[in-house]
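Structure data follow from target23.txt (compact mmCIF, C-alpha atoms):
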# COMPACT_ATOMS: atom_id res chain seq x y z
CA MET A 1 22.41 -20.20 0.72
CA ARG A 2 19.37 -21.11 -1.38
CA LEU A 3 16.39 -21.53 0.91
CA LYS A 4 13.06 -23.28 0.45
CA VAL A 5 10.51 -20.55 1.09
CA LEU A 6 6.75 -20.86 1.49
CA LEU A 7 4.70 -17.74 0.78
CA SER A 8 1.04 -17.09 1.54
CA ALA A 9 -0.32 -14.56 -0.98
CA TYR A 10 -4.12 -14.39 -1.13
CA ALA A 11 -3.71 -11.47 -3.56
CA CYS A 12 -1.09 -12.09 -6.22
CA GLY A 13 -1.01 -10.93 -9.83
CA PRO A 14 1.48 -9.67 -12.42
CA GLY A 15 1.31 -6.10 -13.69
CA LYS A 16 -0.76 -4.83 -10.77
CA GLY A 17 -0.33 -2.53 -7.83
CA SER A 18 -1.56 -2.73 -4.25
CA ASP A 19 -1.85 -6.21 -2.65
CA PRO A 20 -1.72 -8.24 -5.90
CA GLY A 21 1.44 -6.44 -6.96
CA ILE A 22 3.04 -6.98 -3.56
CA GLY A 23 2.34 -10.71 -3.64
CA TRP A 24 3.58 -11.16 -7.20
CA ASN A 25 6.71 -9.00 -7.02
CA ILE A 26 7.95 -10.48 -3.76
CA ALA A 27 7.44 -14.02 -5.09
CA LYS A 28 9.07 -13.26 -8.45
CA GLU A 29 12.09 -11.46 -6.99
CA LEU A 30 12.68 -14.01 -4.21
CA ALA A 31 12.78 -16.79 -6.82
CA LYS A 32 16.01 -15.28 -8.17
CA THR A 33 17.88 -16.39 -5.05
CA HIS A 34 15.61 -18.98 -3.41
CA ASP A 35 13.29 -21.87 -4.24
CA VAL A 36 9.85 -20.37 -3.73
CA TRP A 37 6.41 -21.92 -3.35
CA VAL A 38 3.58 -19.41 -3.26
CA ILE A 39 0.04 -20.38 -2.33
CA THR A 40 -2.60 -18.15 -3.88
CA ARG A 41 -6.24 -18.26 -5.03
CA HIS A 42 -7.54 -20.03 -8.14
CA ASP A 43 -8.90 -16.66 -9.31
CA ASN A 44 -5.33 -15.50 -9.88
CA ALA A 45 -4.38 -18.50 -12.03
CA PRO A 46 -5.21 -17.20 -15.56
CA GLU A 47 -3.02 -14.09 -15.32
CA ILE A 48 -0.17 -15.85 -13.52
CA MET A 49 -0.12 -18.80 -15.92
CA GLU A 50 -0.16 -16.51 -18.95
CA GLU A 51 2.71 -14.44 -17.52
CA MET A 52 4.82 -17.49 -16.66
CA GLU A 53 4.19 -19.03 -20.06
CA GLN A 54 5.48 -15.89 -21.77
CA ARG A 55 8.26 -15.20 -19.25
CA PRO A 56 9.16 -18.37 -17.32
CA ILE A 57 10.48 -17.83 -13.80
CA PRO A 58 12.78 -20.64 -12.66
CA HIS A 59 12.45 -21.71 -9.02
CA LEU A 60 8.98 -20.18 -8.66
CA ASN A 61 6.26 -22.73 -7.93
CA VAL A 62 2.66 -21.52 -7.73
CA VAL A 63 0.11 -23.60 -5.83
CA TYR A 64 -3.55 -22.64 -6.31
CA TYR A 65 -6.13 -23.19 -3.61
CA ASP A 66 -9.66 -22.18 -2.75
CA ILE A 67 -12.09 -23.27 -0.09
CA PRO A 68 -14.85 -25.71 -1.10
CA TYR A 69 -17.62 -24.16 -3.18
CA ILE A 70 -20.22 -24.77 -0.48
CA PHE A 71 -18.34 -22.25 1.69
CA ARG A 72 -17.77 -19.64 -0.99
CA TRP A 73 -20.85 -19.55 -3.25
CA TRP A 74 -22.00 -16.34 -1.54
CA LYS A 75 -18.76 -14.47 -2.34
CA GLU A 76 -19.30 -12.05 -5.20
CA GLY A 77 -16.97 -9.16 -5.94
CA LEU A 78 -16.05 -7.42 -2.69
CA ARG A 79 -19.05 -8.82 -0.86
CA GLY A 80 -17.93 -11.20 1.84
CA VAL A 81 -14.26 -10.99 0.82
CA GLN A 82 -12.96 -10.60 4.38
CA PHE A 83 -14.81 -13.69 5.63
CA HIS A 84 -13.66 -15.62 2.55
CA TYR A 85 -10.09 -14.49 3.27
CA TYR A 86 -10.33 -15.78 6.85
CA LEU A 87 -11.63 -19.18 5.75
CA TRP A 88 -8.98 -19.33 3.02
CA GLN A 89 -6.25 -18.76 5.60
CA ILE A 90 -7.57 -21.70 7.62
CA GLY A 91 -7.73 -23.91 4.53
CA ILE A 92 -4.20 -23.25 3.33
CA TYR A 93 -2.78 -24.31 6.69
CA PHE A 94 -3.65 -27.93 5.93
CA LEU A 95 -2.30 -27.61 2.39
CA ALA A 96 0.88 -25.97 3.71
CA LYS A 97 1.29 -28.68 6.33
CA THR A 98 1.17 -31.37 3.63
CA LEU A 99 3.59 -29.44 1.41
CA HIS A 100 5.98 -29.01 4.31
CA GLN A 101 6.03 -32.75 4.93
CA GLN A 102 7.02 -33.24 1.28
CA ILE A 103 9.41 -30.31 0.78
CA ASN A 104 10.68 -29.40 4.26
CA PHE A 105 10.56 -25.61 3.98
CA ASP A 106 13.13 -23.46 5.72
CA ILE A 107 10.85 -20.51 6.38
CA ALA A 108 7.20 -19.45 6.03
CA HIS A 109 6.18 -15.92 5.10
CA HIS A 110 2.73 -14.30 5.01
CA VAL A 111 2.69 -11.64 2.29
CA THR A 112 -0.91 -10.67 1.45
CA TYR A 113 -3.32 -9.39 2.49
CA VAL A 114 -1.17 -6.70 4.06
CA LYS A 115 -3.31 -6.17 7.15
CA HIS A 116 -2.21 -6.73 10.73
CA TRP A 117 -5.67 -7.58 12.05
CA GLY A 118 -6.09 -10.87 10.19
CA PRO A 119 -4.42 -14.12 11.30
CA SER A 120 -2.05 -16.21 9.21
CA PHE A 121 -2.38 -19.88 10.08
CA ILE A 122 0.86 -20.87 8.35
CA SER A 123 2.46 -19.35 11.45
CA LEU A 124 1.53 -22.68 13.09
CA LEU A 125 4.05 -24.60 10.96
CA PRO A 126 7.12 -25.78 12.92
CA ILE A 127 9.47 -23.39 11.10
CA PRO A 128 10.35 -19.68 11.51
CA PHE A 129 7.56 -17.36 10.40
CA VAL A 130 7.82 -13.86 8.91
CA TRP A 131 4.71 -11.66 8.95
CA GLY A 132 4.32 -8.86 6.44
CA PRO A 133 4.87 -6.12 5.64
CA VAL A 134 1.46 -5.49 7.13
CA GLY A 135 -0.41 -2.23 7.55
CA GLY A 136 -3.81 -1.11 8.73
CA GLY A 137 -2.80 0.46 12.03
CA GLU A 138 -3.30 3.97 10.67
CA SER A 139 -6.31 6.06 11.71
CA ALA A 140 -7.59 9.51 10.83
CA PRO A 141 -6.61 11.71 13.80
CA LYS A 142 -9.67 12.53 15.91
CA SER A 143 -9.00 16.26 15.43
CA PHE A 144 -10.02 15.84 11.76
CA TRP A 145 -13.34 14.11 12.39
CA HIS A 146 -15.36 17.31 12.78
CA ASP A 147 -14.63 18.07 9.10
CA PHE A 148 -16.17 14.78 7.94
CA THR A 149 -19.71 14.26 6.76
CA PHE A 150 -21.93 11.86 8.68
CA ARG A 151 -21.01 9.18 6.13
CA GLY A 152 -17.32 9.84 6.71
CA LYS A 153 -17.65 9.73 10.50
CA ARG A 154 -19.61 6.49 10.27
CA TYR A 155 -16.92 4.99 8.01
CA GLU A 156 -14.13 5.91 10.44
CA PHE A 157 -16.08 4.63 13.45
CA LEU A 158 -16.86 1.28 11.79
CA ARG A 159 -13.29 0.92 10.49
CA ASP A 160 -11.78 1.54 13.92
CA SER A 161 -14.35 -0.70 15.63
CA ILE A 162 -13.86 -3.63 13.25
CA ARG A 163 -10.10 -3.39 13.65
CA TRP A 164 -10.39 -3.23 17.45
CA ILE A 165 -12.60 -6.32 17.50
CA ALA A 166 -10.34 -8.20 15.06
CA GLU A 167 -7.29 -7.48 17.20
CA LYS A 168 -9.00 -9.38 20.03
CA ASP A 169 -9.07 -12.55 17.87
CA PRO A 170 -6.87 -15.09 19.72
CA PHE A 171 -5.53 -16.33 16.35
CA VAL A 172 -4.35 -12.81 15.48
CA LYS A 173 -2.51 -12.67 18.80
CA LEU A 174 -1.13 -16.16 18.16
CA THR A 175 0.12 -15.05 14.73
CA ALA A 176 1.82 -12.08 16.39
CA SER A 177 3.47 -14.13 19.13
CA ARG A 178 4.73 -16.79 16.69
CA SER A 179 6.29 -14.33 14.24
CA ALA A 180 10.07 -14.35 14.27
CA VAL A 181 9.82 -10.90 12.70
CA ALA A 182 6.79 -8.74 11.96
CA LEU A 183 7.33 -6.17 9.23
CA ALA A 184 5.23 -3.05 9.86
CA ALA A 185 4.39 -0.79 6.95
CA THR A 186 4.17 2.29 9.17
CA LYS A 187 5.07 3.48 12.65
CA GLU A 188 1.34 3.46 13.51
CA THR A 189 1.07 -0.24 12.62
CA ALA A 190 4.29 -0.99 14.50
CA GLN A 191 2.69 0.38 17.68
CA ARG A 192 -0.34 -1.86 17.28
CA LEU A 193 1.83 -4.92 16.54
CA SER A 194 3.71 -4.25 19.74
CA VAL A 195 0.45 -4.31 21.70
CA LEU A 196 -0.47 -7.60 19.98
CA GLY A 197 2.72 -9.16 21.33
CA CYS A 198 5.09 -9.32 18.37
CA PRO A 199 8.53 -10.02 19.83
CA ASN A 200 10.47 -8.43 16.96
CA ILE A 201 9.15 -5.57 14.81
CA GLN A 202 10.84 -3.88 11.88
CA ILE A 203 9.40 -1.03 9.80
CA GLU A 204 9.36 -1.87 6.10
CA GLY A 205 7.00 -0.17 3.64
CA VAL A 206 4.58 -2.23 1.59
CA ALA A 207 4.86 -0.22 -1.64
CA GLY A 208 7.42 -0.74 -4.37
CA LEU A 209 7.89 -0.24 -8.10
CA PRO A 210 9.32 -2.67 -10.66
CA GLN A 211 12.07 -1.41 -12.94
CA SER A 212 9.74 -1.36 -15.94
CA GLU A 213 7.45 1.14 -14.18
CA GLN A 214 10.39 3.25 -13.09
CA GLU A 215 11.67 3.41 -16.66
CA LEU A 216 8.23 4.38 -17.98
CA LEU A 217 7.78 7.12 -15.38
CA GLY A 218 11.36 8.29 -15.73
CA CYS A 219 10.74 9.05 -19.41
CA LEU A 220 8.07 11.66 -18.69
CA PRO A 221 9.20 15.11 -19.86
CA PRO A 222 9.69 17.96 -17.36
CA PRO A 223 6.70 20.25 -16.82
CA PRO A 224 6.46 23.58 -18.66
CA PRO A 225 7.77 26.58 -16.67
CA ALA A 226 4.30 28.11 -16.43
CA PRO A 227 1.70 27.97 -15.17
CA PHE A 228 2.66 26.47 -11.83
CA ARG A 229 0.49 23.40 -11.56
CA LEU A 230 -0.19 20.81 -8.85
CA ILE A 231 -1.99 17.48 -9.16
CA SER A 232 -3.77 14.98 -6.91
CA ILE A 233 -4.62 11.45 -8.03
CA GLY A 234 -6.92 9.00 -6.26
CA ARG A 235 -10.47 8.16 -5.27
CA LEU A 236 -12.40 11.16 -3.99
CA LEU A 237 -13.00 9.93 -0.45
CA HIS A 238 -12.96 11.92 2.77
CA TRP A 239 -9.90 10.20 4.18
CA LYS A 240 -7.83 10.98 1.09
CA GLY A 241 -7.77 14.55 2.39
CA PHE A 242 -8.15 16.33 -0.95
CA TYR A 243 -10.25 19.00 0.79
CA LEU A 244 -7.07 19.91 2.70
CA GLY A 245 -5.22 20.28 -0.59
CA LEU A 246 -7.94 22.58 -1.95
CA LYS A 247 -7.91 24.80 1.15
CA ALA A 248 -4.10 25.03 1.02
CA PHE A 249 -4.17 25.84 -2.70
CA ALA A 250 -6.65 28.68 -2.05
CA ARG A 251 -4.19 30.19 0.43
CA LEU A 252 -1.50 30.14 -2.24
CA ASP A 253 -3.29 33.16 -3.73
CA MET A 254 -1.74 32.80 -7.20
CA PRO A 255 -4.42 33.46 -9.85
CA GLU A 256 -2.31 31.92 -12.62
CA ALA A 257 -1.66 28.66 -10.74
CA GLU A 258 -3.68 25.49 -11.41
CA TYR A 259 -4.68 22.42 -9.42
CA TRP A 260 -5.76 19.27 -11.26
CA ILE A 261 -7.61 16.46 -9.48
CA ILE A 262 -7.81 13.05 -11.17
CA GLY A 263 -10.23 10.47 -9.85
CA ASP A 264 -13.85 10.00 -8.94
CA GLY A 265 -15.79 9.08 -5.86
CA PRO A 266 -18.61 10.01 -3.48
CA ASP A 267 -16.99 13.28 -2.36
CA ARG A 268 -16.62 14.81 -5.82
CA LYS A 269 -19.61 17.18 -5.54
CA LEU A 270 -18.51 18.28 -2.06
CA LEU A 271 -15.02 19.07 -3.37
CA GLU A 272 -16.39 20.95 -6.38
CA LYS A 273 -18.61 23.00 -4.07
CA LEU A 274 -15.65 23.66 -1.78
CA ALA A 275 -13.59 24.96 -4.71
CA GLU A 276 -16.40 27.39 -5.53
CA THR A 277 -16.69 28.51 -1.91
CA LEU A 278 -12.94 29.10 -1.74
CA GLY A 279 -13.04 31.13 -4.96
CA VAL A 280 -10.66 28.89 -6.89
CA SER A 281 -13.08 26.93 -9.09
CA SER A 282 -11.65 28.58 -12.22
CA GLN A 283 -8.18 27.28 -11.28
CA VAL A 284 -9.18 23.77 -10.23
CA ARG A 285 -9.97 21.08 -12.79
CA PHE A 286 -11.78 17.91 -11.77
CA LEU A 287 -10.75 15.52 -14.53
CA GLY A 288 -12.53 12.38 -13.31
CA LYS A 289 -11.10 8.91 -13.65
CA LEU A 290 -8.70 8.69 -16.59
CA PRO A 291 -6.91 5.82 -18.39
CA ARG A 292 -3.39 5.14 -17.21
CA GLU A 293 -1.67 6.71 -20.23
CA GLU A 294 -3.71 9.88 -19.99
CA THR A 295 -3.08 10.11 -16.25
CA LEU A 296 0.67 9.98 -16.88
CA ASN A 297 0.36 12.71 -19.51
CA LYS A 298 -1.40 14.91 -16.95
CA LEU A 299 1.26 14.14 -14.35
CA ALA A 300 3.93 15.20 -16.85
CA ALA A 301 2.31 18.64 -17.09
CA CYS A 302 2.45 19.24 -13.32
CA HIS A 303 5.18 20.41 -10.95
CA GLY A 304 4.25 18.38 -7.88
CA LEU A 305 1.86 15.83 -6.37
CA VAL A 306 -0.41 16.73 -3.45
CA HIS A 307 -1.35 13.64 -1.45
CA PRO A 308 -2.77 14.67 1.96
CA SER A 309 -4.10 11.22 2.92
CA LEU A 310 -5.08 10.70 6.56
CA HIS A 311 -4.53 6.94 6.78
CA ASP A 312 -2.74 5.30 3.87
CA SER A 313 -0.59 2.21 4.48
CA GLY A 314 0.95 2.23 1.02
CA GLY A 315 0.76 5.32 -1.14
CA TRP A 316 1.83 3.95 -4.54
CA VAL A 317 0.91 7.22 -6.24
CA CYS A 318 3.61 8.96 -4.18
CA LEU A 319 6.25 6.53 -5.44
CA GLU A 320 5.01 6.96 -9.00
CA ALA A 321 5.29 10.74 -8.71
CA MET A 322 8.78 10.42 -7.23
CA ALA A 323 9.81 8.06 -10.05
CA ALA A 324 8.52 10.71 -12.47
CA ALA A 325 10.80 13.28 -10.76
CA ARG A 326 7.92 15.20 -9.16
CA PRO A 327 8.15 16.32 -5.52
CA VAL A 328 5.43 15.04 -3.19
CA LEU A 329 3.48 17.07 -0.64
CA CYS A 330 1.93 14.81 2.00
CA LEU A 331 1.04 14.73 5.68
CA ASP A 332 3.41 13.23 8.20
CA LEU A 333 1.07 10.25 8.54
CA GLY A 334 1.02 6.65 7.34
CA GLY A 335 2.90 5.15 4.41
CA PRO A 336 3.67 8.36 2.50
CA ALA A 337 5.51 9.69 5.56
CA THR A 338 7.95 6.78 5.31
CA GLN A 339 8.54 7.43 1.60
CA VAL A 340 9.00 11.20 1.41
CA THR A 341 12.16 12.79 2.78
CA GLU A 342 13.02 16.45 3.21
CA ASP A 343 15.10 16.41 0.04
CA SER A 344 12.39 14.73 -2.10
CA GLY A 345 9.29 16.63 -0.98
CA PHE A 346 7.37 17.92 2.02
CA LYS A 347 5.78 15.78 4.73
CA VAL A 348 4.06 18.32 6.91
CA ALA A 349 2.94 18.10 10.51
CA ALA A 350 -0.82 17.60 10.80
CA PRO A 351 -1.91 17.92 14.44
CA ASP A 352 -5.24 19.35 13.27
CA PRO A 353 -6.87 20.43 9.98
CA GLU A 354 -5.98 24.13 10.31
CA GLN A 355 -2.29 23.45 10.87
CA ALA A 356 -2.20 20.83 8.12
CA VAL A 357 -3.69 23.30 5.64
CA GLU A 358 -1.29 26.06 6.66
CA ASN A 359 1.73 23.76 6.40
CA LEU A 360 0.65 22.49 2.99
CA ALA A 361 0.14 26.06 1.78
CA ILE A 362 3.65 27.01 2.90
CA ALA A 363 5.07 24.01 1.04
CA MET A 364 3.11 24.87 -2.11
CA ARG A 365 4.42 28.43 -2.03
CA GLN A 366 8.01 27.24 -1.63
CA LEU A 367 7.68 25.17 -4.79
CA ALA A 368 5.79 27.83 -6.72
CA GLU A 369 8.46 30.44 -5.99
CA ASN A 370 11.41 28.15 -6.68
CA LEU A 371 11.05 25.86 -9.70
CA GLU A 372 14.71 24.89 -9.31
CA LEU A 373 13.73 23.38 -5.95
CA CYS A 374 11.03 21.38 -7.77
CA SER A 375 13.68 19.97 -10.08
CA GLN A 376 16.13 19.18 -7.27
CA MET A 377 13.49 17.44 -5.17
CA GLY A 378 12.26 15.54 -8.21
CA GLU A 379 15.73 14.19 -8.93
CA ALA A 380 16.21 13.22 -5.28
CA GLY A 381 12.87 11.41 -5.23
CA GLN A 382 13.70 9.54 -8.42
CA ALA A 383 17.00 8.38 -6.93
CA ARG A 384 15.25 7.33 -3.70
CA VAL A 385 12.79 5.14 -5.56
CA LYS A 386 15.63 3.47 -7.43
CA HIS A 387 17.74 2.78 -4.36
CA VAL A 388 15.03 2.04 -1.78
CA TYR A 389 11.73 1.13 -3.47
CA ASP A 390 12.82 -0.95 -6.44
CA TRP A 391 11.29 -4.39 -5.89
CA SER A 392 14.64 -6.10 -6.32
CA VAL A 393 16.07 -3.92 -3.52
CA LYS A 394 13.10 -4.44 -1.23
CA THR A 395 13.13 -8.19 -1.76
CA GLN A 396 16.86 -8.39 -1.04
CA ILE A 397 16.07 -6.84 2.34
CA ILE A 398 13.59 -9.66 2.94
CA ALA A 399 16.11 -12.29 1.79
CA ASP A 400 18.71 -10.89 4.19
CA LEU A 401 16.08 -10.96 6.91
CA TYR A 402 15.49 -14.67 6.29
CA GLN A 403 19.18 -15.36 6.86
CA ARG A 404 19.18 -13.44 10.15
CA VAL A 405 16.04 -15.19 11.34
CA LEU A 406 17.42 -18.63 10.54
CA SER A 407 20.79 -17.91 12.12
CA GLN A 408 19.05 -16.85 15.33
CA ALA A 409 16.87 -19.97 15.22
CA GLN A 410 19.87 -22.29 15.01
CA PRO A 411 21.19 -23.64 18.32
CA ALA A 412 24.61 -22.32 19.29
CA LEU A 413 27.46 -24.73 18.53

Go ahead and render the structure in this file as structure tokens.
Amino acid sequence: MRLKVLLSAYACGPGKGSDPGIGWNIAKELAKTHDVWVITRHDNAPEIMEEMEQRPIPHLNVVYYDIPYIFRWWKEGLRGVQFHYYLWQIGIYFLAKTLHQQINFDIAHHVTYVKHWGPSFISLLPIPFVWGPVGGGESAPKSFWHDFTFRGKRYEFLRDSIRWIAEKDPFVKLTASRSAVALAATKETAQRLSVLGCPNIQIEGVAGLPQSEQELLGCLPPPPPAPFRLISIGRLLHWKGFYLGLKAFARLDMPEAEYWIIGDGPDRKLLEKLAETLGVSSQVRFLGKLPREETLNKLAACHGLVHPSLHDSGGWVCLEAMAAARPVLCLDLGGPATQVTEDSGFKVAAPDPEQAVENLAIAMRQLAENLELCSQMGEAGQARVKHVYDWSVKTQIIADLYQRVLSQAQPAL
């Protein structure tokens, strides 16, 4: 049954990851089986129009909208983006209402931003509403806070406070109560959605990879047998947990092993100093931020990815490593914990920093002493990405969900 679907995607763009990639890939894949209208910002128009001109997508209709200039002149870069997003959500309700009168949509679906603490006003349309996947319910466990700098503690306090205040917004609660289904990116977000009053919650990760990315990553050669080498990729921020990876690597006590860290950020000097204090500075290479192609070349030279993030809703880098047949070592927290299984990597318990470090060190040693295990886990991860995190697979789950929602909404005959 071909449905008429309305999507709200504030962030939406071809060839991107994170929120823009989520918005674009869901819209593009849904258009294969449904008639899709996606409302997004004017800022996204150039890239979308160029993509659709080169590769037309039948049944995908893109509607561009932005709030009047008088209400957005102050928005520049990331400054004021959250307030702009809120006003944009209000504005598209009236556009969506007019479109619905003309088209008579079967279902409305909020796609991006993927945060549970912002309302979606298209939930007010008189049709079933799907919310998400949304994340943002993840927090750094309090037992880790004593390791943070003052800046890190302030960040966590403000983040938790802003989320707590936003969850009190009556329109957020209204969005929750009106959702036929709320898709939670993580178990932590699912708990917060339950408190908000969502009647039906299903866990569904936000991250996915298109086939083109999987093919590119799948072509990376296997790593050399020696030296044993681990890699971390991402911004050097306290909540990314790279300091945990460094401490675990030091406990590995293998002088020939190496640990490469790709990325930059405010915690770089602290991490470099930590490596010196731990006595592993000669084994750790801080490579800075690298172009995509060079990053993939570095990944190809490594045996596994270390991603000890404390609150990550998505974790695209984990999927990329899995698609490249590299096992992932992560904490049993947030999005990565939903992606990594015992046959594709290690998601270790992290009740406190000491135990997290010890568990990561044990996992590192298991890989270092058994390269065949690296290969087996890599193959399992690659298969998992193909069968679970391919965008066509993920979007089929959403399409099936639409059918269930509509069948439940129909009066019994």

If I wrap all listed atoms of segment 178-185 of chain A in a box with edges along x, y and z and add 3 Å on each side, what are its centre and edge lengths in Å to one decimal, as AutoDock Vina command-line options?
--center_x 7.2 --center_y -8.8 --center_z 11.8 --size_x 11.7 --size_y 22.0 --size_z 15.7

Kindly indicate which residue among A:His146, A:Val357, A:Ile233, A:Asn370 lies nearest to Arg251 of chain A, using all atoms listed in the file for the distances.
->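 Residue with the minimum atom-to-atom distance to Arg251 of chain A: A:Val357.
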
Skipping near chain neighbours, those fewer than 5 positions away, what residues fall within 10 Å of segment 84-93 of chain A using only C-alpha atoms, listed as an mmCIF file with C-alpha atoms, keeping the file's coordinate frame?
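What follows is the written file result-v7.cif:
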data_model
loop_
_atom_site.group_PDB
_atom_site.id
_atom_site.type_symbol
_atom_site.label_atom_id
_atom_site.label_comp_id
_atom_site.auth_asym_id
_atom_site.auth_seq_id
_atom_site.Cartn_x
_atom_site.Cartn_y
_atom_site.Cartn_z
ATOM 1 C CA SER A 8 1.040 -17.090 1.540
ATOM 2 C CA ALA A 9 -0.320 -14.560 -0.980
ATOM 3 C CA TYR A 10 -4.120 -14.390 -1.130
ATOM 4 C CA ALA A 11 -3.710 -11.470 -3.560
ATOM 5 C CA ILE A 39 0.040 -20.380 -2.330
ATOM 6 C CA THR A 40 -2.600 -18.150 -3.880
ATOM 7 C CA ARG A 41 -6.240 -18.260 -5.030
ATOM 8 C CA TYR A 64 -3.550 -22.640 -6.310
ATOM 9 C CA TYR A 65 -6.130 -23.190 -3.610
ATOM 10 C CA ASP A 66 -9.660 -22.180 -2.750
ATOM 11 C CA ILE A 67 -12.090 -23.270 -0.090
ATOM 12 C CA PRO A 68 -14.850 -25.710 -1.100
ATOM 13 C CA PHE A 71 -18.340 -22.250 1.690
ATOM 14 C CA ARG A 72 -17.770 -19.640 -0.990
ATOM 15 C CA TRP A 74 -22.000 -16.340 -1.540
ATOM 16 C CA LYS A 75 -18.760 -14.470 -2.340
ATOM 17 C CA ARG A 79 -19.050 -8.820 -0.860
ATOM 18 C CA THR A 98 1.170 -31.370 3.630
ATOM 19 C CA LEU A 99 3.590 -29.440 1.410
ATOM 20 C CA TYR A 113 -3.320 -9.390 2.490
ATOM 21 C CA GLY A 118 -6.090 -10.870 10.190
ATOM 22 C CA PRO A 119 -4.420 -14.120 11.300
ATOM 23 C CA SER A 120 -2.050 -16.210 9.210
ATOM 24 C CA PHE A 121 -2.380 -19.880 10.080
ATOM 25 C CA ILE A 122 0.860 -20.870 8.350
ATOM 26 C CA SER A 123 2.460 -19.350 11.450
ATOM 27 C CA LEU A 124 1.530 -22.680 13.090
ATOM 28 C CA LEU A 125 4.050 -24.600 10.960
#

Find, counting only C-alpha atoms, the residue in A:Leu230, A:Glu272, A:Lys247, A:Leu290 that gets nearest to Cys374 of chain A.
->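 Closest residue, counting only C-alpha atoms: A:Leu230.
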
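By only C-alpha atoms, and with residues fewer than 5 positions from segment 345-350 of chain A along its chain excluded, the set lying at most 7 Å from it is A:Pro327, A:Val328, A:Leu329, A:Cys330, A:Leu331, A:Asp332, A:Ala337, A:Val340, A:Gln355, A:Ala356, A:Asn359, A:Leu360, A:Ala363, A:Met377.
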
Pick out the residues sitting within 10 Å of Gly381 of chain A, and hand them over as a ChimeraX atom specification; count all atoms listed in the file, and ignore anything fewer than 2 positions along from it in its own chain.
-> /A:318-328,339-345,375-379,383-387

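Compared by their closest atoms to Lys289 of chain A, and using all atoms listed in the file, the residues A:Gly314, A:Gly234, A:Pro128, A:Gly136 rank with A:Gly234 nearest.
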
What gap, in Å, lies between atom CA of Pro133 of chain A and atom CA of Val111 of chain A?
-> 6.8 Å

All residues 12 Å or closer to segment 48-63 of chain A, all atoms listed in the file, same chain fewer than 6 positions away omitted, as a PDB file with C-alpha atoms, in the frame of the given file:
ATOM      1  CA  ARG A   2      19.370 -21.110  -1.380  1.00  0.00           C
ATOM      2  CA  LEU A   3      16.390 -21.530   0.910  1.00  0.00           C
ATOM      3  CA  LYS A   4      13.060 -23.280   0.450  1.00  0.00           C
ATOM      4  CA  VAL A   5      10.510 -20.550   1.090  1.00  0.00           C
ATOM      5  CA  LEU A   6       6.750 -20.860   1.490  1.00  0.00           C
ATOM      6  CA  LEU A   7       4.700 -17.740   0.780  1.00  0.00           C
ATOM      7  CA  SER A   8       1.040 -17.090   1.540  1.00  0.00           C
ATOM      8  CA  ALA A   9      -0.320 -14.560  -0.980  1.00  0.00           C
ATOM      9  CA  TYR A  10      -4.120 -14.390  -1.130  1.00  0.00           C
ATOM     10  CA  ALA A  11      -3.710 -11.470  -3.560  1.00  0.00           C
ATOM     11  CA  CYS A  12      -1.090 -12.090  -6.220  1.00  0.00           C
ATOM     12  CA  GLY A  13      -1.010 -10.930  -9.830  1.00  0.00           C
ATOM     13  CA  PRO A  14       1.480  -9.670 -12.420  1.00  0.00           C
ATOM     14  CA  GLY A  15       1.310  -6.100 -13.690  1.00  0.00           C
ATOM     15  CA  LYS A  16      -0.760  -4.830 -10.770  1.00  0.00           C
ATOM     16  CA  PRO A  20      -1.720  -8.240  -5.900  1.00  0.00           C
ATOM     17  CA  GLY A  21       1.440  -6.440  -6.960  1.00  0.00           C
ATOM     18  CA  GLY A  23       2.340 -10.710  -3.640  1.00  0.00           C
ATOM     19  CA  TRP A  24       3.580 -11.160  -7.200  1.00  0.00           C
ATOM     20  CA  ASN A  25       6.710  -9.000  -7.020  1.00  0.00           C
ATOM     21  CA  ILE A  26       7.950 -10.480  -3.760  1.00  0.00           C
ATOM     22  CA  ALA A  27       7.440 -14.020  -5.090  1.00  0.00           C
ATOM     23  CA  LYS A  28       9.070 -13.260  -8.450  1.00  0.00           C
ATOM     24  CA  GLU A  29      12.090 -11.460  -6.990  1.00  0.00           C
ATOM     25  CA  LEU A  30      12.680 -14.010  -4.210  1.00  0.00           C
ATOM     26  CA  ALA A  31      12.780 -16.790  -6.820  1.00  0.00           C
ATOM     27  CA  LYS A  32      16.010 -15.280  -8.170  1.00  0.00           C
ATOM     28  CA  THR A  33      17.880 -16.390  -5.050  1.00  0.00           C
ATOM     29  CA  HIS A  34      15.610 -18.980  -3.410  1.00  0.00           C
ATOM     30  CA  ASP A  35      13.290 -21.870  -4.240  1.00  0.00           C
ATOM     31  CA  VAL A  36       9.850 -20.370  -3.730  1.00  0.00           C
ATOM     32  CA  TRP A  37       6.410 -21.920  -3.350  1.00  0.00           C
ATOM     33  CA  VAL A  38       3.580 -19.410  -3.260  1.00  0.00           C
ATOM     34  CA  ILE A  39       0.040 -20.380  -2.330  1.00  0.00           C
ATOM     35  CA  THR A  40      -2.600 -18.150  -3.880  1.00  0.00           C
ATOM     36  CA  ARG A  41      -6.240 -18.260  -5.030  1.00  0.00           C
ATOM     37  CA  HIS A  42      -7.540 -20.030  -8.140  1.00  0.00           C
ATOM     38  CA  ILE A  92      -4.200 -23.250   3.330  1.00  0.00           C
ATOM     39  CA  LEU A  95      -2.300 -27.610   2.390  1.00  0.00           C
ATOM     40  CA  ALA A  96       0.880 -25.970   3.710  1.00  0.00           C
ATOM     41  CA  LEU A  99       3.590 -29.440   1.410  1.00  0.00           C
ATOM     42  CA  ILE A 103       9.410 -30.310   0.780  1.00  0.00           C
TER      43      ILE A 103
END

Segment 217-226 of chain A surroundings by all atoms listed in the file, 6 Å radius, close-in-sequence under 2 positions cut, as a list of chain:residue names =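 These residues fall inside the cut-off: A:Gln214, A:Glu215, A:Phe228, A:Ala300, A:Ala301, A:Cys302, A:Ala323, A:Ala324.
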